[in-house]
Amino acid sequence: MPAKRARPPASALRAGLAKLGLVRPVDFLLHFPLRYEDETRVIRIGDALPGTPVQVEATVLDVAVQYRPRRQLVVRVAEAADGAGAGTELTLRFLNFYGSQAKQLEGARDAGRRLRLFGEIRYGFLGAEMVHPRYRVIAEGEALPEALTPVYPATAGVSQQALRREIARVLAAAAGTELLDELLDPDWLAAHELPAFPEAVRFLHAPPPAAPEPALQQGTHPAWRRIRFDELLAQQLSLRRAYLARREKGAPCLPAAGTLAQRLLAALPFGLTGAQRRVVAEIAADLACPHPMQRLLQGDVGSGKTIVAALAACQAIEAGYQAAFMAPTEILAEQHYLKLSAWLQPLGVEVAWLSGSLRAAARRAMQARAAGSAQLVVGTHALIQDSVDFARLGLAIIDEQHRFGVAQRLALRRKGEAAALLPHQLMMSATPIPRTLAMSYYADLDVSVLDELPPGRTPIRTKLVSDVRRDEVIAGVRGAVAKGRQAYWVCPLIEESEKLQLQTALDTFQTLAEALDDLRIGLVHGRLKADEKAATMAAFADGTIDVLVATTVIEVGVDVPNASLMVIEHAERFGLAQLHQLRGRVGRGAHDSVCVLLYQTPLSETARARLRIIYEHTDGFEIARRDLQLRGPGEFIGSRQSGVPLLRYADLERDADLVETAQALAERLLRDDPARVARHLDRWLGSREELLKA
Ligand code: ADP
Ligand code: MG
């Protein structure tokens, strides 16, 4: 395409372009079309397929402004082609138009000039018509474009026209410059059936008319694969580089002596599953290295992550270091504190508790212990506050890590950054994410997976019940309690208003207390004081409360094996991961467990699809995979995603093979060719790379 000498963009245009991330020349090159329009051919009006955009040429017969049914510009035109089909009429309809347009079209009619029209032809009451076609009055014998017309992602203030012009300008100027350098080895590319970078870029911006259109539009064309590969490679390089940089730092070496761990295992009422043994060994090997572990432990709800973490803590403690165990909510942290104390205190380990709700004096005392003799400190994010100084932190365990925000994770990561030795980090998550997603977004972590549930669990039966049958559900609660079981009743989620959420919880409690006046009902919600929450949870755990009415504060981690019934109100308002977590609160003992999802009719299409997924599947990974299909990765990753530029072109479902190839190549390039790594990252991420590391 010949370089047009265009004016440099005016400042409004420049601002609009910047909003699209188009600042450096290479940004323009990597701004690829969403789709294409074929303006390289003119076809006969009579040959147009309905629903397909086409280009035709015609002369104007008649121009009129009509007022019924609403104000519109109606233009009658006739096929301009010679020979067969000449004179076929077509009506153009413009609902938004300028007065000058009518004048221009009348002028074309009077001068007998042709219009080139682009749009979809539909057959209506008055025959063939085009609504809002793109049109141009053309000069005699004006040539057709030689490439498909790209349609770019645009934004307010930047027209397609302007985008095409600017991108074409940069593309022409880039020919033969380093902007289009091939950064990858040609033989390697050939072996992986990927085309060269400059060709792929040029092809996608201006594909020849003979280009295989479906492959191009659907993104399966090799040129697209190359671009998606490069994007995934940039992501892998960036995350792996951050990983390696942290890995360079020192960490205390915590050899696996194993005596404390052995004693803990001997005292447990159960033996580890195979998956637990494997993961425990992976972690033990990491801890024995003089570099900080950066490991994510993924395991479905109930897969037994806590004991794995406790065994890791034993290793740190035995080596003379401290372990910190952080959980996202008070309830969960407290529960961990109780469980870990019960396991470890009898073995002579000093366990301390630290949370934001401790009174000042108690807090100071606990901080003093963290800075002194405590060997394991359990708590909420109060653990990462500045005033907490660990005497010799060797291992930081973060439970339900996806529940912490990016800022909190960074704070934790920074804690001790200045110190010569960084603590090892074990992050745990019960939101299993599909493998490619993990490979992609957690490329800066080593990942261990608990893919086996402890034996003896009875499967949970899930029931979908319309809200109109609430009375039957209440009767079901009574029945479960009569059999000696306990139940959770989860209140509707009201995201818009915390106040309303609280009110609903109080109302639900009230109604249930009346309907089940012979049962002992408890209530927990986010607004209770920590000790009130703790007292209620303790009462539920030891069976003095039959039914626990709760907001989603109980979503994660809570473990009461005698609870066998879970009722979730307005289930359609919850996310799938959340429902899976909530459901995982039951089925923890040997009893038959039921999860009732109460929903309000009518259900939207998506709500129905989501409830069906949770109804049909109990495997967290499968649910996650389907959730991903339903929602796309952006929302899925949640807070991890904020600040991280989404993959623009790659699709982790479709491009799973490319993710693996990119990972392998990234590993090699980081080892062998840092200069090339830097250039690739600069090309793809530029100034955005900092954000990716969050
Ligand atoms: P999660 O992975 O969801 O955090 P937990 O660590 O809370 O799961 O474990 C769930 C329950 O299973 C707990 O009561 C725990 O003591 C028990 N548990 C863990 N591992 C085993 C095992 N290997 N055999 C039997 N029960 C186990
Ligand atoms: Mg847990």
# chains A, B, ... in the order shown; residues from 1 in each chain; ligands from 1
>>> residues_near_ligand(ligand="ligand 2", cutoff="12 Å", atoms="only C-alpha atoms and all ligand atoms", output="ChimeraX atom specification")
/A:297-310,325-329,331-333,335-336,339,397-401,427-431,554-559,581,584-585
>>> write_last_selection(atoms="C-alpha atoms", output="PDB file, in the first residue's frame")
ATOM      1  CA  LEU A 297      -1.595 -24.980  45.766  1.00  0.00           C
ATOM      2  CA  GLN A 298      -4.841 -25.592  43.968  1.00  0.00           C
ATOM      3  CA  GLY A 299      -7.307 -28.030  45.348  1.00  0.00           C
ATOM      4  CA  ASP A 300     -11.025 -28.271  45.141  1.00  0.00           C
ATOM      5  CA  VAL A 301     -13.168 -27.488  48.141  1.00  0.00           C
ATOM      6  CA  GLY A 302     -12.592 -30.165  50.784  1.00  0.00           C
ATOM      7  CA  SER A 303      -9.501 -31.645  49.173  1.00  0.00           C
ATOM      8  CA  GLY A 304      -7.553 -31.135  52.403  1.00  0.00           C
ATOM      9  CA  LYS A 305      -5.250 -28.191  51.844  1.00  0.00           C
ATOM     10  CA  THR A 306      -5.036 -27.187  55.506  1.00  0.00           C
ATOM     11  CA  ILE A 307      -3.100 -30.245  56.606  1.00  0.00           C
ATOM     12  CA  VAL A 308      -0.694 -29.790  53.685  1.00  0.00           C
ATOM     13  CA  ALA A 309      -0.064 -26.246  54.858  1.00  0.00           C
ATOM     14  CA  ALA A 310       0.358 -27.396  58.448  1.00  0.00           C
ATOM     15  CA  PHE A 325      -0.901 -18.441  58.071  1.00  0.00           C
ATOM     16  CA  MET A 326      -3.167 -15.784  56.631  1.00  0.00           C
ATOM     17  CA  ALA A 327      -6.852 -16.163  55.748  1.00  0.00           C
ATOM     18  CA  PRO A 328      -9.196 -13.660  54.111  1.00  0.00           C
ATOM     19  CA  THR A 329     -11.943 -13.564  56.748  1.00  0.00           C
ATOM     20  CA  ILE A 331     -14.278 -16.589  60.643  1.00  0.00           C
ATOM     21  CA  LEU A 332     -11.945 -18.611  58.518  1.00  0.00           C
ATOM     22  CA  ALA A 333      -8.800 -17.370  60.234  1.00  0.00           C
ATOM     23  CA  GLN A 335     -11.263 -21.634  62.475  1.00  0.00           C
ATOM     24  CA  HIS A 336      -7.757 -22.245  61.190  1.00  0.00           C
ATOM     25  CA  LYS A 339      -7.653 -26.366  64.116  1.00  0.00           C
ATOM     26  CA  ILE A 397       0.929 -19.288  53.851  1.00  0.00           C
ATOM     27  CA  ILE A 398      -1.967 -17.507  52.224  1.00  0.00           C
ATOM     28  CA  ASP A 399      -5.253 -19.351  52.225  1.00  0.00           C
ATOM     29  CA  GLU A 400      -7.904 -18.629  49.611  1.00  0.00           C
ATOM     30  CA  GLN A 401      -5.451 -16.347  47.914  1.00  0.00           C
ATOM     31  CA  MET A 427      -0.622 -19.662  48.240  1.00  0.00           C
ATOM     32  CA  MET A 428      -3.719 -21.794  48.337  1.00  0.00           C
ATOM     33  CA  SER A 429      -6.856 -21.566  46.299  1.00  0.00           C
ATOM     34  CA  ALA A 430     -10.040 -23.562  46.174  1.00  0.00           C
ATOM     35  CA  THR A 431     -11.123 -21.913  42.984  1.00  0.00           C
ATOM     36  CA  ILE A 554     -19.292 -18.452  55.468  1.00  0.00           C
ATOM     37  CA  GLU A 555     -18.399 -18.870  51.836  1.00  0.00           C
ATOM     38  CA  VAL A 556     -14.878 -20.082  52.281  1.00  0.00           C
ATOM     39  CA  GLY A 557     -13.249 -22.714  54.363  1.00  0.00           C
ATOM     40  CA  VAL A 558     -15.771 -23.307  57.141  1.00  0.00           C
ATOM     41  CA  ASP A 559     -15.688 -26.943  58.166  1.00  0.00           C
ATOM     42  CA  GLN A 581     -17.690 -22.990  47.493  1.00  0.00           C
ATOM     43  CA  GLY A 584     -18.681 -27.433  49.590  1.00  0.00           C
ATOM     44  CA  ARG A 585     -19.599 -26.505  53.188  1.00  0.00           C
TER      45      ARG A 585
END
>>> residues_around(residues="stretch 96-98 of chain A", least_positions_apart="4", cutoff="12 Å", atoms="only C-alpha atoms", output="VMD selection string")
chain A and resid 64 to 65 70 to 75 92 102 to 105 131 to 133
>>> select_by_dssp(residues="stretch 74-117 of chain A", states="helix (DSSP H, G or I)", output="PyMOL selection string")
chain A and resi 99-111
>>> residues_around(residues="A:Tyr321", least_positions_apart="3", cutoff="10 Å", atoms="only C-alpha atoms", output="ChimeraX atom specification")
/A:252-254,313-318,374-376,390-395,423
>>> write_last_selection(atoms="all heavy atoms", output="short mmCIF file (atom, residue, chain, number, x, y, z; two decimals), in the first residue's frame")
data_model
loop_
_atom_site.label_atom_id
_atom_site.label_comp_id
_atom_site.auth_asym_id
_atom_site.auth_seq_id
_atom_site.Cartn_x
_atom_site.Cartn_y
_atom_site.Cartn_z
N PRO A 252 15.51 -18.43 53.54
CA PRO A 252 16.09 -19.36 54.50
C PRO A 252 15.94 -20.80 54.01
O PRO A 252 14.92 -21.16 53.45
CB PRO A 252 15.27 -19.12 55.77
CG PRO A 252 14.05 -18.39 55.34
CD PRO A 252 14.40 -17.66 54.09
N CYS A 253 16.96 -21.55 54.22
CA CYS A 253 16.94 -22.94 53.81
C CYS A 253 16.28 -23.75 54.94
O CYS A 253 16.73 -23.72 56.08
CB CYS A 253 18.38 -23.35 53.59
SG CYS A 253 18.55 -25.00 53.03
N LEU A 254 15.18 -24.42 54.63
CA LEU A 254 14.43 -25.14 55.66
C LEU A 254 14.47 -26.64 55.37
O LEU A 254 13.60 -27.16 54.69
CB LEU A 254 12.97 -24.66 55.69
CG LEU A 254 12.73 -23.15 55.69
CD1 LEU A 254 11.25 -22.84 55.52
CD2 LEU A 254 13.26 -22.51 56.97
N ALA A 313 4.34 -25.84 57.49
CA ALA A 313 4.68 -25.01 58.65
C ALA A 313 5.61 -25.77 59.60
O ALA A 313 6.57 -25.19 60.13
CB ALA A 313 3.41 -24.57 59.37
N CYS A 314 5.35 -27.06 59.77
CA CYS A 314 6.21 -27.87 60.64
C CYS A 314 7.66 -27.80 60.19
O CYS A 314 8.59 -27.70 61.01
CB CYS A 314 5.75 -29.33 60.62
SG CYS A 314 4.26 -29.61 61.58
N GLN A 315 7.85 -27.85 58.88
CA GLN A 315 9.21 -27.84 58.34
C GLN A 315 9.93 -26.53 58.68
O GLN A 315 11.11 -26.52 59.04
CB GLN A 315 9.15 -28.06 56.83
CG GLN A 315 10.51 -28.38 56.22
CD GLN A 315 10.35 -28.93 54.80
OE1 GLN A 315 9.32 -29.51 54.46
NE2 GLN A 315 11.37 -28.73 53.97
N ALA A 316 9.18 -25.41 58.56
CA ALA A 316 9.77 -24.11 58.88
C ALA A 316 10.10 -24.03 60.37
O ALA A 316 11.19 -23.60 60.78
CB ALA A 316 8.81 -22.99 58.50
N ILE A 317 9.14 -24.48 61.18
CA ILE A 317 9.29 -24.38 62.63
C ILE A 317 10.47 -25.22 63.11
O ILE A 317 11.29 -24.78 63.91
CB ILE A 317 7.98 -24.81 63.33
CG1 ILE A 317 6.88 -23.78 63.02
CG2 ILE A 317 8.18 -24.98 64.82
CD1 ILE A 317 5.47 -24.26 63.29
N GLU A 318 10.56 -26.40 62.56
CA GLU A 318 11.62 -27.30 62.98
C GLU A 318 13.00 -26.75 62.62
O GLU A 318 14.00 -27.02 63.29
CB GLU A 318 11.44 -28.66 62.34
CG GLU A 318 11.94 -29.78 63.20
CD GLU A 318 11.44 -31.13 62.71
OE1 GLU A 318 10.95 -31.21 61.57
OE2 GLU A 318 11.54 -32.08 63.46
N ALA A 374 6.66 -16.73 69.23
CA ALA A 374 5.65 -17.50 68.50
C ALA A 374 6.28 -18.25 67.33
O ALA A 374 7.15 -17.73 66.64
CB ALA A 374 4.54 -16.59 68.00
N GLN A 375 5.81 -19.49 67.13
CA GLN A 375 6.35 -20.27 66.02
C GLN A 375 5.40 -20.31 64.83
O GLN A 375 5.82 -20.40 63.69
CB GLN A 375 6.64 -21.69 66.51
CG GLN A 375 7.79 -21.71 67.50
CD GLN A 375 7.92 -23.05 68.18
OE1 GLN A 375 7.05 -23.46 68.93
NE2 GLN A 375 9.02 -23.73 67.92
N LEU A 376 4.10 -20.22 65.14
CA LEU A 376 3.11 -20.14 64.07
C LEU A 376 2.16 -19.01 64.43
O LEU A 376 1.64 -18.97 65.54
CB LEU A 376 2.33 -21.47 63.96
CG LEU A 376 1.17 -21.49 62.97
CD1 LEU A 376 1.63 -21.25 61.55
CD2 LEU A 376 0.41 -22.82 63.07
N PHE A 390 7.85 -9.81 62.17
CA PHE A 390 8.15 -11.18 62.57
C PHE A 390 9.62 -11.27 62.94
O PHE A 390 10.47 -10.62 62.33
CB PHE A 390 7.84 -12.14 61.43
CG PHE A 390 6.38 -12.29 61.19
CD1 PHE A 390 5.73 -11.49 60.26
CD2 PHE A 390 5.64 -13.21 61.91
CE1 PHE A 390 4.38 -11.61 60.05
CE2 PHE A 390 4.28 -13.35 61.69
CZ PHE A 390 3.65 -12.54 60.76
N ALA A 391 9.89 -12.08 63.93
CA ALA A 391 11.27 -12.23 64.36
C ALA A 391 12.06 -12.93 63.26
O ALA A 391 13.13 -12.49 62.86
CB ALA A 391 11.32 -13.05 65.64
N ARG A 392 11.55 -14.00 62.72
CA ARG A 392 12.29 -14.76 61.71
C ARG A 392 11.31 -15.56 60.86
O ARG A 392 11.21 -16.79 60.94
CB ARG A 392 13.32 -15.67 62.38
CG ARG A 392 12.83 -16.21 63.68
CD ARG A 392 13.77 -17.05 64.46
NE ARG A 392 12.96 -17.96 65.25
CZ ARG A 392 12.10 -17.58 66.21
NH1 ARG A 392 11.95 -16.31 66.54
NH2 ARG A 392 11.38 -18.47 66.84
N LEU A 393 10.58 -14.80 60.03
CA LEU A 393 9.55 -15.42 59.19
C LEU A 393 10.21 -16.27 58.10
O LEU A 393 10.99 -15.77 57.30
CB LEU A 393 8.67 -14.34 58.57
CG LEU A 393 7.44 -14.84 57.80
CD1 LEU A 393 6.50 -15.62 58.71
CD2 LEU A 393 6.70 -13.68 57.15
N GLY A 394 9.87 -17.54 58.08
CA GLY A 394 10.46 -18.42 57.08
C GLY A 394 9.47 -18.84 56.01
O GLY A 394 9.83 -19.13 54.88
N LEU A 395 8.17 -18.83 56.38
CA LEU A 395 7.16 -19.31 55.44
C LEU A 395 5.87 -18.52 55.63
O LEU A 395 5.37 -18.41 56.75
CB LEU A 395 6.88 -20.81 55.69
CG LEU A 395 5.67 -21.43 55.00
CD1 LEU A 395 5.83 -21.43 53.49
CD2 LEU A 395 5.44 -22.85 55.51
N PRO A 423 10.82 -14.65 52.80
CA PRO A 423 10.16 -15.88 53.25
C PRO A 423 9.67 -16.71 52.05
O PRO A 423 9.42 -16.16 50.98
CB PRO A 423 8.97 -15.37 54.07
CG PRO A 423 8.74 -13.98 53.61
CD PRO A 423 10.05 -13.45 53.12
#
>>> select_by_dssp(residues="stretch 235-406 of chain A", states="strand (DSSP E or B)", output="MDAnalysis selection string")
chainID A and resid 250 294:299 322:326 351:354 376:379 393:398
>>> residues_around(residues="A:Val377", least_positions_apart="2", cutoff="8 Å", atoms="only C-alpha atoms", output="ChimeraX atom specification")
/A:322-325,351-354,370,374-375,379
>>> residues_around(residues="A:Gln486", least_positions_apart="6", cutoff="6 Å", atoms="only C-alpha atoms", output="PyMOL selection string")
chain A and resi 546-547+563
>>> closest_residue(among="A:Gly51, A:Leu90, A:Glu39, A:Pro209", to="A:Arg136", atoms="only C-alpha atoms")
A:Glu39
>>> closest_residue(among="A:Arg573, A:Arg457, A:Arg648, A:Arg240", to="ligand 1", atoms="only C-alpha atoms and all ligand atoms")
A:Arg457
>>> closest_residue(among="A:Thr177, A:Thr551, A:Gln367, A:Gln66", to="A:Gln503", atoms="only C-alpha atoms")
A:Thr551
>>> closest_residue(among="A:Ile623, A:Val170, A:Leu597, A:Leu95", to="A:Leu464", atoms="only C-alpha atoms")
A:Leu597
>>> atom_distance(atom1="atom CA of A:Val137", atom2="atom CA of A:Leu13")
26.1 Å
>>> closest_residue(among="A:Arg225, A:His291, A:Arg165, A:Arg122", to="A:Glu193", atoms="only C-alpha atoms")
A:Arg225
>>> residues_around(residues="A:Asp471", least_positions_apart="3", cutoff="12 Å", atoms="only C-alpha atoms", output="PyMOL selection string")
chain A and resi 465-468+474-478+511-512+515-516+598
